[in-house]
Structures are given as C-alpha cells and as structure tokens.
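Colleague: Before I ask anything, here is the structure I am working with.
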Number of protein chains: 2
Amino acid sequence: MSLQQSTSLPVRTSKTTVAHPLAPLSAQEIHAASTLIRNQWPEKTDLQFKVLTLEEPAKAEMVPYLEAEFKGQSLPSIDRRVMIAYYIRKTRIQMLIFSIVNLSTSTVESNVRLGPNVHAAGDGEEILDIERLALEDEGVQAEIAKLQLPEGTAVVCDPWIYGSDGVGDDERMYQCFLYMRDPKNTDELDSNHYAFPLAISPVLSAVERKVIRIDMMPTGKDNTIKPTQPWKPVHANEYIPEAQTLRTDLKPLQVLQPEGASFSVTQEGTSQTLEWQKWSFRVGFNQREGMVLYNVRYDGRSVFYRLSLSDMSIPYGDPRHPFHKKAAFDLGDVGAGVMANDLKLGCDCLGSIQYLSGVLANDQGEAEDMPNVICVHEQDGGIGWKHTNYRTGRAAVVRNRELVLQSIITVANYEYILAFMFNQAGEMTYEVRATGILSTQPIDDGISVPWGTVVHPGVLATHHQHIFSLRVDPAIDGHSNRLVYDEAHAMPRSDFNPHGTGYYTEETVVSQSGGYDLNPDKNRTFKIQNANVLNPINHKPVAYKIHAPPFQKGIADKESFNYKRAEFSDRNIYAVKYRDGELYAGGRYTNQSRGGTGVRSWADRKDNIVDDDLVVFVQFGINHVPRIEDFPVMPCEIIKVSLKPVNFFDRNPALDVPPSTQEFNKSTLLSETHKQPTVEGIVGGGNDLCCKTTTGSKL
Amino acid sequence: MSLQQSTSLPVRTSKTTVAHPLAPLSAQEIHAASTLIRNQWPEKTDLQFKVLTLEEPAKAEMVPYLEAEFKGQSLPSIDRRVMIAYYIRKTRIQMLIFSIVNLSTSTVESNVRLGPNVHAAGDGEEILDIERLALEDEGVQAEIAKLQLPEGTAVVCDPWIYGSDGVGDDERMYQCFLYMRDPKNTDELDSNHYAFPLAISPVLSAVERKVIRIDMMPTGKDNTIKPTQPWKPVHANEYIPEAQTLRTDLKPLQVLQPEGASFSVTQEGTSQTLEWQKWSFRVGFNQREGMVLYNVRYDGRSVFYRLSLSDMSIPYGDPRHPFHKKAAFDLGDVGAGVMANDLKLGCDCLGSIQYLSGVLANDQGEAEDMPNVICVHEQDGGIGWKHTNYRTGRAAVVRNRELVLQSIITVANYEYILAFMFNQAGEMTYEVRATGILSTQPIDDGISVPWGTVVHPGVLATHHQHIFSLRVDPAIDGHSNRLVYDEAHAMPRSDFNPHGTGYYTEETVVSQSGGYDLNPDKNRTFKIQNANVLNPINHKPVAYKIHAPPFQKGIADKESFNYKRAEFSDRNIYAVKYRDGELYAGGRYTNQSRGGTGVRSWADRKDNIVDDDLVVFVQFGINHVPRIEDFPVMPCEIIKVSLKPVNFFDRNPALDVPPSTQEFNKSTLLSETHKQPTVEGIVGGGNDLCCKTTTGSKL
C-alpha cells in the first residue's frame, strides 16, 4: 500500500466524553490512533511506533477556545489529532514515516515517508534488545574472553545513541559501552558497573539489530588502540546504601500539613488543571517533554500559553573515536516522558504529596501507564519578605510558600530532577538538578588527561556540557508580546552628573527573530512585555523578566556536528515568531541529526517579533568538569531559571500573604544546651509573637 | 592628658575562667575595656564609644592554639585584646581615637588619634538623636510648614550616612531624608512613610549635633529645585497585614523534628561551637560583621580559618544633589551586628530552632544584650542525590539536609537576610536575601526618568547596586594554600580532534595578590587549593571551588568616590596575602571615607600568594532596577555563593547519608480528588518503599 495524504479508513472508537483539546492522549485514543495507522497497511505488517502523541491544536484554534473556557462561554469544537512517527520493521532501508491522524473524523490526514538522515528516538523495547544483542554477539564475547574475567563476572551494556560525525553514519545505529559488575559481589545486580568500564565498544545496526563493528577505545593519553589485555583487579565503588557505613546522627525532619495542602487538582480524563494561590494552569505529559504546562494564569490574567523543557544537549569533550560521538539529546533521542521515574512517597518527595500519572504509547502503539510521574507539593521557601520598623520595633514578615511540580528522569547513567516552581509573588522558576552517575571510560594507571578527571582507579569521567533549552510561549496579558532587554550604563560626566556616580537603564526592543546573549557586565535583562497593556501607576508596559545564569555555550567548533545539531546551544536566548509544531529547539528528530531543523534555523527567518505572537527559548547549562566527589553518584548540581513580573502588578503581589506567626507555623524551640525540643508554652501557644512586640534592631 | 603608646593603668577585672581566644567579648570584658580607656582621661570626660570589640589574636598565635585544641594538647596562653575606637564628645574638631587594650595585662597598649577624613560609624544613640534634632529644627519646621500638611500628620526622618563627594565634607555629617506618614491614619505608627517622601533634606553635623543646611531635592527630570508647595493628597501604600485583604486559602505547613535536631551547640562563655554532620566550627558575633565562623572543619579536616561577610556597597544612580551621595556601606557605616534583629520563633525561623545571642558594646562602652541574633536550624534541601538502575528498577536516593545559621539585619528601610548554609556533601553556601523597603524620593506627576522607577504616585525608587564582599580565609588542609582558576577551551582541529568536538581544561595559578574576574564564556572557575596535599586516587591537589554569580560591577566612573571607596566593587575576586587586621574589604572606616584603605590597596602590594597564607574576597551583587512589585516591601531577591570540594574527598562525601525512606520522612499522600490527606497505611507504614521495589523508568 502506498503512502498518501489524507487516506481515510473508519475505525471503531468508543464515543466517550470529549477530551479537552490539550489533554494528553488516553489509552483508548492511543489504541484508536495506532489502529488507524495499522489499517493503512497489509495485515501483519510489523510496525514499530516511535512517537504516538497528541498533535496539539493550532494556536489559532486554541486561543479562542481558552478564552471561551475562561469566560465560561460555549466552547468551539476542536478535532483531536495525533502525531505518529513509525517504522516498518524488517525493511532493509528503514525510512521513518510521519502521520497525522484525526481521531474526531477517524481519518489519517497525512502519512509520509521522511527523507534520509531523519531517525526516530530510541525506545525501551529497542534499547533493551540492543543491550541483549550486543552481549550475545560472538565477536563481542570473544573480545570479552580476552579479559579473562573472574568466573561469574557480569558484563553490562549501556547502548548510546550513535551521534553524528558524517562518517558512514546514514544508517541508524547504536554505540554500546561495556562495563562489568564487581566480580567479588556477583549477586548484587545494583553493583555500580560504572566503576569498571571496559575498552570494548560494539556498534549495532538499529535496523538489522546486529553487531556491525566492534570499536576498541583508546585508554592512554593519545588515540592509540591497544589489544585487549587480561583484566587487572580493582576495588568496587558502590553507591547503594548497604555498601556504606551510614551516618547514624541524622534526626528525622518531617513536613506536615495537618489541614491538607493549599492546592487543588481537577482531573479531566488524562488532563489535570491545578489551582494554587491565584495561579492556575493545565498540566500535560508527553513522551518527549514530560511535563508541559498550558494556559498559565495568575489571578485570572494570562501569563504563559505553554511552558516546557524543550531540549537538552550533552556533548562530551574527549575528541577520540568513538568518544567524539558522545553527544546526547536526551529529550529528542529518548524522551523525558518515557524516562520519567515512578515517584515514591517519602523517598522522592517530602511532605503532603499528590501524584499525577501519565499514559504513553509503546513501540506497539498501545498505551502504557506511567504512574506517579509528577509529584505536586508545597514547600517552604524561607522568608518571602520582611521589614522591621526600627522606630517601633515592629516586624512584618511573611514566608514564601512554593508550589513544586517535580519529575525525575533516568537517562541510563544520569538523572535529572526537573521542577516547575511557583511562588506567591507571581514568580515561576524552572529548576534542574543534575545527579546520577558519570558516564565513564577506562584509563591506564598513572595517566592524567586534560579532558577528564580520574574518579576511581582506572576510571576516567570525561568533561561534558549540559545545555538545556526551556521553551517559554508567553501570553503576557494576551498574545501580542515583544522581547526587550534593559541595560544599565554609566552616565557621562556633565553638569548633571558632576561626580561620576549616575547611571541609567536603557531599553532595546528585539525587533526580529534571532539569537541573543546575556551580558552581566551591563546587567542586560531580557523582558517579555505587552506594550498594549500599561501599568496603571507608572505606565510601563506589563512584563515578565527572565533570570537565567550565564553559562559557557557549546564549545565544539562551528563546523562540528555538535554545533550544527544543537541549534540552541550557542545563545542564551532565542526568540522566534510562533509557528505551530515548532516545539523542540534541536529539531523534531535529533537522533543522528544533521542540523538545520531547530531554533537557530527558525530564527534565521528574521521574522518580525514586535507585538506579535513570539516564543522565547531560554538556554542554561553546566560545563561539567567532573570532581572525584561526583562519583560514584554525584551530589545534585542545581540550576534555576526564573520568570518574574516587572510592572505587571501594581505592587508586591505577595503583600496579602498572611503574616508568618508561631500560631500558624508551630515551630519548636530547642533548648540551649542540647538537641531536645522544649515545647512547653511554645507549640500552639499565643499568636503573632513577631508582629506586635518590639523586636527591632538596636538602631 | 596626652595620647601615648602603651600607657598602663590598673583596673579591676573579675578573674573568671579564661575565655576562648576567639570568643566575642563578654559584658565584663566590655566594661573592663571601657573602664581602662576612661581611666586614661580626666574624670567626666565624655567619651563616645564607636567600636569596642574583640581584637582577634594574631594568626601566628592562633594557628598553633587551634592545632593544640584539635589534638587535645595543652593550650598556649593568648592575651585577650580589645579594639576600641572612640570620640571625645563636645570637642570642636572631633578626631577618632583608636586603642588596643590588653585585658590580660590590664594595659592600654595603644591609644592614638587618627587623621582627618577618618570617621566612625553611626551608632544607635546618635542616629536616634539626629532624627530628633532634624525634626525639631526651626528651619526644617518652617520648610515643613509650607507643605500645609493635614493636622496631625507625622513627619519621619531617615538619617543617612553623608557619603563623600569631596565638597566641604571633611566634617562628619548626616544627610536626612524626610517622609510623612499617612495623614488619614495618624495613629498607625507603622504606616509606610516611604510612600510619602518629602523634598526636604536637612544636613546635620554629627559633631555639633545641629542642622547646618537644608537641601531641597529636585523632583523633575533635571536638577531644578522648586520652592516647597502645599502637599497634594495621595493614597497610602501599606505593607502591614491589617491594611491588606489577606489570602484565606493558605494551609499551614509545619516542620517537625520529633527526635530533636541533628546539631549540637556547645556554649563556652560568649562563644559557641557547633557540630553537625561532620562539620564543626566556632560561631562569633561582632558589631561590624555580625556572624563570623572560625575554624571550620569537616570530619576533622581543616577547611576555613574564618568566614564572614566583609563589606557591602550600595551606590545609587541618581546623579543629582543630594542623591549622588547615597552610597552606603551598611557594615562599615553602621554594622551588621548592631542592626541584627531579635529573631522570633515561628516568624523568622521555621522548624526546630536554636537561637544564639550576642553581647555588643554601646556608645557608653557598656554591654548590651543582643538576644536571638542568629537562628540555627536544619532544613530539607530537596533531593541530595539519586540514581535508578533502569535494569533492576531500584532507586537509591538521599535527601540533602542543610544546616542554616541565619541573621537578619535592618538598615533603616532595607532588610538583609544573611545565612551560612552547610550540607552533607561538604559544601558551604552563603546566601543573601535582599528585602525590606526601597529608599524613595519624590517625583513630579507624569514624569518618568531612566535612573529610577515610579513605584507609587509621586514616588521614585532610584536604581542602585548592592555589591557584597564575602571574606574567605581558607585553610584547606592547612594554611599553605593557592588560588588557581580553570578554564575550558576548545581543542584546535587536528588528527587528534578531527571532528572539532574536543575540549580541555587548563589551570592557571594566580601568582600574586590582585583583583580577578569571572568569565562564564570560558567557564572560568576559581579554586583554592593545597598543592601539598594530593588526592589519594587522582593525585590532584585538594581544593574548594568558588561558585559565585557574575554581576555588574560598580558602575560609577573610576574617578568617583564610589569607585575609590568601594575597593572591592570592581572585581569578582580579590586575593591577598593574609595580614592581621585586614578584615574589611572597603577599609576599616568607611563613613565618608576617601578610599585607599581596602582590599584593592592591599592587593596592590603584589605579594606572592602561591602556597602561602592567602585570603580571598568573593564579590557578588544585584543591580537593583526597581519594579513596582518591589513596593511597598520587596519580595526577597536571593543570591548565593557556594564553596564546594574539588578532589578534596576521595568520593561523594554524602554517600553515607541514610537513604530517603517513608519510614524516616513520614510524608502524606494527598487523595487524587482533593486536598485532604489520606494517611491510612502510609504514615509510619512499612519501610523503604523506594529502595527495593521496581520503580525504574520505562527504559
């Protein structure tokens, strides 16, 4: 059967209630969509579904819908569409097929083969199969045999996305890295194999699913390859608690909300809306981005149309074959949704927790439940604001309560803890915690190299970058927004500035789509404004400013595939005119990609973005130069991006937060001499100790 | 009586137990020291004590003492000395007198008049007196009368340190800013007067204590001064809770430690030592710096000799007289200790809290108790590290417990929340939260200026910078340390780097004292190393690295007094060879200072600082371009500086933190549909849910 546009075949769909247009696909919808695709092909055609996810409605349809919804008016009807990318297995030259299925009409609206060098992400079934095939391969086993490992030693395979170097890499492949588990502890399946890297790297065809080459790694200071030698014993380096002598002096710390939490979740099918402290938004979850927030409002005012982590590039610094191809795009190459952990109460989340679950499609085009992929909770963020009138001694103080939506993803060795955080001052923060285990490789004894750190005897952790792209689709009091930046400049000396102390800020409008950089030396601050809505007091346009830490941009040179593929990695800010479907800063298909399909390319259109529907991609990152302290598992490295109101409100929006009092907070006074709490007369005691007594400074 | 070196007069001191050499002065010691000074002068000489604080022992004495103390050996005897700066009141030309008193020998070791343009800080007695005198002045009252304020309206005076412009400012003066309280709410003493700034600015002599001039402020776009006109009514803008319609939907969130906290405080006279999770240190408290930490060790290993906030510069951007002189040094001009709030349980601190109190000297040279100036508590810092083995589904996760020492200072309008934070991964973070109220000035209706933001009708908040200097006196495994920085560079293309992806780090040793800058584009990372102590695994020198956010340095030009005086404000890092007494980055006397006495000058000595006793000053800051959201009280703006181990340990030092389990953390599962907790079978239930079940990602 040929591929064509708009083929239409009826399919049985259970006619249930109409899903919200932004609701993730339900299990029934996933089944219906894959069935529609299967029906395009002869029976028993073996399809491998790579993406099967909600095709979000065109914004032109969605904006009036959300407006009607907000106003309680009757809702326009919007067709449910599904975006599908799939292969036909066991075809010699696999071409990815991209389809749009309309569930409302039960039609396949589009079903087209994509061109060369367009490859889908890895999926769970495939990666586990590649692992098995690599280890079962006779050539690989022969190479492993040369190590003369102790009886019973387990060898472990981490399949890596192949990367791109333009050398014989048109076919979709996997580069596998091999490790072994501690031979002295063979029963421990959670023994840390990253402490025992091997120099054998099988390459497998993802299409034929077989080993096509075995690369040997250089382990010295240069790129010499040495024949496999018998393994020399080295001790283990475990992260699991039973391998440690644990601290015994940590006392429990519990977070209680005796009256429950301050947020409420409304479940509508697969979609959830959340309300908390004047904030409201809809939570989505998909295979690629994981958590997505839609229609983010504060006190009913529109702030963001859509927020999501768009992309992530992790290039490694070792230039030698095969390491030079270690350049992962964890979202595009695998997916933040599909890698999301099933979060556990008391382990991943402290306090009063509500979990949200997801449904994703597997390689068979069938639904898989993803339980507890997002935890929602409140946390105390320390003091929110305080002032003491030193004349009266009276202090007014409120605490900063935060709402956190957290998702944790495991990307083989690494973990990312991803969180959207909101506070009572109208601020939204996106936080990334990088943790997990360094991807390691073998290094000869006594060697030191400037592109990595020895973290264990014989183990090198190579320098690498983590460059993230947060996609901010703003709707600051509506969809006509602009990007501007402020800079602070010294005033020249003059009669007006006779002592050389004056300075001023100057605002520049970003007139067209492009990449833009921070400049801390000028305090350059990007703001998303609505120039049509002015602050009632100072008549400045309402705005949100972007706080993002500067970072070292992608280091690989501009001719490299790392640069070409990670189209977001070279600028702090990319701003583009909105187009439907342009969600992923590195392009829709990052696996072995060639570049030219991401945000840098979209920005090159040089669209007008002044007082238009624009989208801002905010980049941030870490150049991870490993410390030995990052092994065998790394303490979280935390990066935050914040969006904060600037002249959006008419005063501090957290002014109406109830004061912080002992009656409310029920803290405990520890005695001066030891650790025991003395609670008499304090817990549940009088109220408002801090706000009426003379508590000021000595001034 | 003449001033001379080493005059000696006996004085009665109560012979009690010997204080620790780093213990802050006790009330008895303060009395003894001021008595020794009084005895230098004829009876009834009216002394004004400005500084009376511990003169810390020479490091050459202190290091062997701490070593002996650590090893449990007999302790050398170190004399207790006091640093005193004082004036003789009612003298026409006041000269500051600097004395060193030896309490152990009851001698005045030095007592010398300092030169011109050396002025002491403001003190509580003086500032309150200046307020009163300004408002009582007939000329000021006549000017206020022109405003024709409603009957009963209170006028409020904020005395400001005079600043420096070199124009007739040899004498010590105060520049006062006047405000009024809401005339419609005259009984409310905590009405926010910063919403009603007046254009009248009396200047007072601090020596003669009288008004010497009344400056009128420009209120338009230029520096035209207009005659005082009758006040035009404008509404109030209050921050106190009873003036708000408070949110009613915030549920309590309590932090409980049923077994007490994990830290212990040992009180020794006025000094406290603290132990927590392998960390130990001594806590000091003085008038200038507030909290000081000494002898900071991890698991017995020396990390820092001394940590403190050294200085702070807050220059304002309005170049017009008298605003151009708004350039505060809150620590040197007043003092973080003397301005420290009396912290209240449940208001300023959440959880299980221990308070530390201080004793400071007042203008009479007598002790004043400073209760609860530091709160100590633990907090949950989110996940510390996590890894999920996707093959077994087993997750290992620990939370990051933090120890916080918090002090809050009120500097007239502003508040700073200052905290040292330690964690279980060997990291120390210094956090500043800027909050409180913007210092405001009047502005004509309908005017907008590029050096400030209108935050209320008729109220301008001028742009200003906050530049902080954290003094880090390191002792990384001893006192022979060096400062180095790493940069990451692209490798050139070559046979070794054929695809242009390689990068490497290069370490540069900072060979001599000087000022140095960050460079995010090169990932420049400063580290304090001990080159004599190598990591046992990778043979790198043990080190701590400095994480500090880049910021816009002082904007005022290099000929300005702002630049000359804030000797730390132009560089991210200053490194100097240690010298006793060089504690304050802006110099010992910042009030109306002329420069030349701070860290830039010390750095200019070009001392060798390689493998020597060096001190590092880490600068960080905010260019505060006010938003209307920062009024009438600003949501906390948070900045953090961290010091993190690099190859100091042989692996992740938080590896031995007990796993995060529900048994330990006792979280609560909220039901899916609403806010009520469902606790059955969860709280206090089975153990270790997260660590043994298959909970992995879908991969």
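Letters A, B, ... mark the chains of the structure tokens in the order given; residue numbers begin at 1 per chain; ligand numbers begin at 1, in order shown.
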With a distance cut-off of 7 Å and only C-alpha atoms, select the neighbouring residues of A:Ala327, excluding the residue or stretch itself and same-chain residues fewer than 2 positions from it, and output the selection as JSON, numbers by chain.

Modeller: {"A": [163, 313, 314, 315, 316, 325, 329, 562]}

Colleague: Take the residues just selected and output them with N, CA and C atoms as a PDB file, in the first residue's frame.

Modeller:
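That gives us again.pdb:
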```pdb
ATOM      1  N   GLY A 163      25.201   9.259  17.751  1.00  0.00           N
ATOM      2  CA  GLY A 163      25.828  10.559  17.475  1.00  0.00           C
ATOM      3  C   GLY A 163      26.041  10.738  15.993  1.00  0.00           C
ATOM      4  N   SER A 313      21.237  19.258  25.295  1.00  0.00           N
ATOM      5  CA  SER A 313      22.381  18.747  24.542  1.00  0.00           C
ATOM      6  C   SER A 313      23.496  18.426  25.529  1.00  0.00           C
ATOM      7  N   ILE A 314      24.068  17.232  25.409  1.00  0.00           N
ATOM      8  CA  ILE A 314      25.150  16.842  26.322  1.00  0.00           C
ATOM      9  C   ILE A 314      26.341  16.342  25.504  1.00  0.00           C
ATOM     10  N   PRO A 315      27.154  17.275  24.985  1.00  0.00           N
ATOM     11  CA  PRO A 315      28.349  16.873  24.248  1.00  0.00           C
ATOM     12  C   PRO A 315      29.527  16.612  25.183  1.00  0.00           C
ATOM     13  N   TYR A 316      30.323  15.606  24.848  1.00  0.00           N
ATOM     14  CA  TYR A 316      31.493  15.240  25.650  1.00  0.00           C
ATOM     15  C   TYR A 316      32.764  15.770  24.995  1.00  0.00           C
ATOM     16  N   LYS A 325      31.642  10.925  19.451  1.00  0.00           N
ATOM     17  CA  LYS A 325      30.229  10.856  19.078  1.00  0.00           C
ATOM     18  C   LYS A 325      29.296  10.887  20.280  1.00  0.00           C
ATOM     19  N   PHE A 329      21.098  13.986  23.072  1.00  0.00           N
ATOM     20  CA  PHE A 329      19.953  14.902  23.178  1.00  0.00           C
ATOM     21  C   PHE A 329      18.882  14.118  23.921  1.00  0.00           C
ATOM     22  N   ASN A 562      28.266  18.811  16.502  1.00  0.00           N
ATOM     23  CA  ASN A 562      27.718  19.223  17.798  1.00  0.00           C
ATOM     24  C   ASN A 562      27.094  20.616  17.697  1.00  0.00           C
TER      25      ASN A 562
END
```

Colleague: Which residues, written as a list in words, have at least one atom at most 6 Å from stretch 544-556 of chain B, with only C-alpha atoms counted and residues fewer than 3 positions away on the same chain left out?

Modeller: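 Surrounding residues, per the criterion: Ala490, Gly500, Thr501, Pro520, Asp521, Lys522 and Asn523 of chain A; Phe526, Lys527, Ile528, Ser569, Asp570, Gly621, Val641, Ser642, Leu643, Lys644, Pro645 and Val646 of chain B.
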
Colleague: Suppose we keep N, CA and C atoms; can you now write the selection as a PDB file, in the first residue's frame?

Modeller:
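selection.pdb was written with the following content:
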```pdb
ATOM      1  N   ALA A 490      26.664  53.701  32.668  1.00  0.00           N
ATOM      2  CA  ALA A 490      27.132  54.879  33.395  1.00  0.00           C
ATOM      3  C   ALA A 490      26.745  56.125  32.609  1.00  0.00           C
ATOM      4  N   GLY A 500      30.286  61.736  38.706  1.00  0.00           N
ATOM      5  CA  GLY A 500      30.546  60.457  38.021  1.00  0.00           C
ATOM      6  C   GLY A 500      29.831  59.274  38.644  1.00  0.00           C
ATOM      7  N   THR A 501      28.749  59.527  39.361  1.00  0.00           N
ATOM      8  CA  THR A 501      28.061  58.446  40.074  1.00  0.00           C
ATOM      9  C   THR A 501      26.796  57.976  39.373  1.00  0.00           C
ATOM     10  N   PRO A 520      26.338  40.156  31.692  1.00  0.00           N
ATOM     11  CA  PRO A 520      26.277  40.565  33.099  1.00  0.00           C
ATOM     12  C   PRO A 520      26.975  41.903  33.343  1.00  0.00           C
ATOM     13  N   ASP A 521      27.962  42.231  32.529  1.00  0.00           N
ATOM     14  CA  ASP A 521      28.688  43.486  32.743  1.00  0.00           C
ATOM     15  C   ASP A 521      27.812  44.709  32.471  1.00  0.00           C
ATOM     16  N   LYS A 522      26.725  44.497  31.763  1.00  0.00           N
ATOM     17  CA  LYS A 522      25.772  45.590  31.534  1.00  0.00           C
ATOM     18  C   LYS A 522      24.440  45.314  32.233  1.00  0.00           C
ATOM     19  N   ASN A 523      24.417  44.270  33.034  1.00  0.00           N
ATOM     20  CA  ASN A 523      23.166  43.862  33.687  1.00  0.00           C
ATOM     21  C   ASN A 523      22.048  43.671  32.659  1.00  0.00           C
TER      22      ASN A 523
ATOM     23  N   PHE B 526      37.293  29.545  39.858  1.00  0.00           N
ATOM     24  CA  PHE B 526      38.374  29.742  40.826  1.00  0.00           C
ATOM     25  C   PHE B 526      38.335  28.639  41.876  1.00  0.00           C
ATOM     26  N   LYS B 527      39.524  28.179  42.217  1.00  0.00           N
ATOM     27  CA  LYS B 527      39.633  27.129  43.229  1.00  0.00           C
ATOM     28  C   LYS B 527      40.729  27.516  44.226  1.00  0.00           C
ATOM     29  N   ILE B 528      40.491  27.191  45.456  1.00  0.00           N
ATOM     30  CA  ILE B 528      41.528  27.363  46.485  1.00  0.00           C
ATOM     31  C   ILE B 528      42.085  25.975  46.755  1.00  0.00           C
ATOM     32  N   SER B 569      34.482  46.645  44.750  1.00  0.00           N
ATOM     33  CA  SER B 569      33.293  46.607  43.892  1.00  0.00           C
ATOM     34  C   SER B 569      33.600  46.403  42.417  1.00  0.00           C
ATOM     35  N   ASP B 570      34.874  46.343  42.052  1.00  0.00           N
ATOM     36  CA  ASP B 570      35.240  46.284  40.634  1.00  0.00           C
ATOM     37  C   ASP B 570      35.740  44.924  40.180  1.00  0.00           C
ATOM     38  N   GLY B 621      26.586  40.485  43.636  1.00  0.00           N
ATOM     39  CA  GLY B 621      25.723  41.650  43.783  1.00  0.00           C
ATOM     40  C   GLY B 621      24.490  41.634  42.920  1.00  0.00           C
ATOM     41  N   VAL B 641      26.467  32.319  47.120  1.00  0.00           N
ATOM     42  CA  VAL B 641      27.846  31.965  46.779  1.00  0.00           C
ATOM     43  C   VAL B 641      28.128  30.625  47.445  1.00  0.00           C
ATOM     44  N   SER B 642      28.688  29.699  46.684  1.00  0.00           N
ATOM     45  CA  SER B 642      28.969  28.389  47.271  1.00  0.00           C
ATOM     46  C   SER B 642      30.449  28.059  47.182  1.00  0.00           C
ATOM     47  N   LEU B 643      30.907  27.334  48.152  1.00  0.00           N
ATOM     48  CA  LEU B 643      32.250  26.762  48.124  1.00  0.00           C
ATOM     49  C   LEU B 643      32.079  25.255  48.183  1.00  0.00           C
ATOM     50  N   LYS B 644      32.614  24.599  47.149  1.00  0.00           N
ATOM     51  CA  LYS B 644      32.375  23.164  47.005  1.00  0.00           C
ATOM     52  C   LYS B 644      33.689  22.415  46.875  1.00  0.00           C
ATOM     53  N   PRO B 645      33.769  21.253  47.501  1.00  0.00           N
ATOM     54  CA  PRO B 645      35.016  20.486  47.435  1.00  0.00           C
ATOM     55  C   PRO B 645      35.305  20.000  46.018  1.00  0.00           C
ATOM     56  N   VAL B 646      36.569  20.065  45.633  1.00  0.00           N
ATOM     57  CA  VAL B 646      37.019  19.510  44.345  1.00  0.00           C
ATOM     58  C   VAL B 646      38.228  18.627  44.628  1.00  0.00           C
TER      59      VAL B 646
END
```

Colleague: Taking into account only C-alpha atoms, which residue in the set B:Val657, B:Val376, B:Thr219, B:Pro450 is nearest to B:Glu275?

Modeller: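 Closest to B:Glu275 of all the choices is B:Val376.
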
Colleague: For B:Gln48, work out the shell of residues within 10 Å, counting only C-alpha atoms and skipping chain neighbours fewer than 5 positions away, then give it as a PyMOL selection string.

Modeller: chain B and resi 85-90+96+123+125-126+362-365

Colleague: What's the 7 Å shell around stretch 144-150 of chain B, counting only C-alpha atoms, without same-chain residues fewer than 4 positions away, as a PyMOL selection string?

Modeller: chain B and resi 140+183+228-231

Colleague: For the selection just defined, write its residues with N, CA and C atoms to a file, as a PDB file, in the first residue's frame.

Modeller:
```pdb
ATOM      1  N   VAL B 140      13.835  73.547  59.587  1.00  0.00           N
ATOM      2  CA  VAL B 140      13.176  72.386  58.996  1.00  0.00           C
ATOM      3  C   VAL B 140      11.675  72.489  59.207  1.00  0.00           C
ATOM      4  N   PRO B 183      -1.668  60.773  56.431  1.00  0.00           N
ATOM      5  CA  PRO B 183      -2.430  61.705  57.271  1.00  0.00           C
ATOM      6  C   PRO B 183      -3.802  61.167  57.652  1.00  0.00           C
ATOM      7  N   THR B 228       9.076  74.819  47.984  1.00  0.00           N
ATOM      8  CA  THR B 228       8.144  73.871  48.579  1.00  0.00           C
ATOM      9  C   THR B 228       6.708  74.327  48.376  1.00  0.00           C
ATOM     10  N   GLN B 229       5.903  73.442  47.830  1.00  0.00           N
ATOM     11  CA  GLN B 229       4.498  73.727  47.550  1.00  0.00           C
ATOM     12  C   GLN B 229       3.620  72.962  48.538  1.00  0.00           C
ATOM     13  N   PRO B 230       2.378  73.398  48.705  1.00  0.00           N
ATOM     14  CA  PRO B 230       1.470  72.623  49.561  1.00  0.00           C
ATOM     15  C   PRO B 230       1.353  71.178  49.057  1.00  0.00           C
ATOM     16  N   TRP B 231       1.299  70.273  50.003  1.00  0.00           N
ATOM     17  CA  TRP B 231       1.251  68.849  49.695  1.00  0.00           C
ATOM     18  C   TRP B 231      -0.076  68.488  49.018  1.00  0.00           C
TER      19      TRP B 231
END
```

Colleague: Skip stretch 591-603 of chain B itself and residues of its chain fewer than 4 positions away, then list as a ChimeraX atom specification all residues within 6 Å of it, counting only C-alpha atoms.

Modeller: /B:119,121,163-164,333,513-514,564-565,567,576,585-587
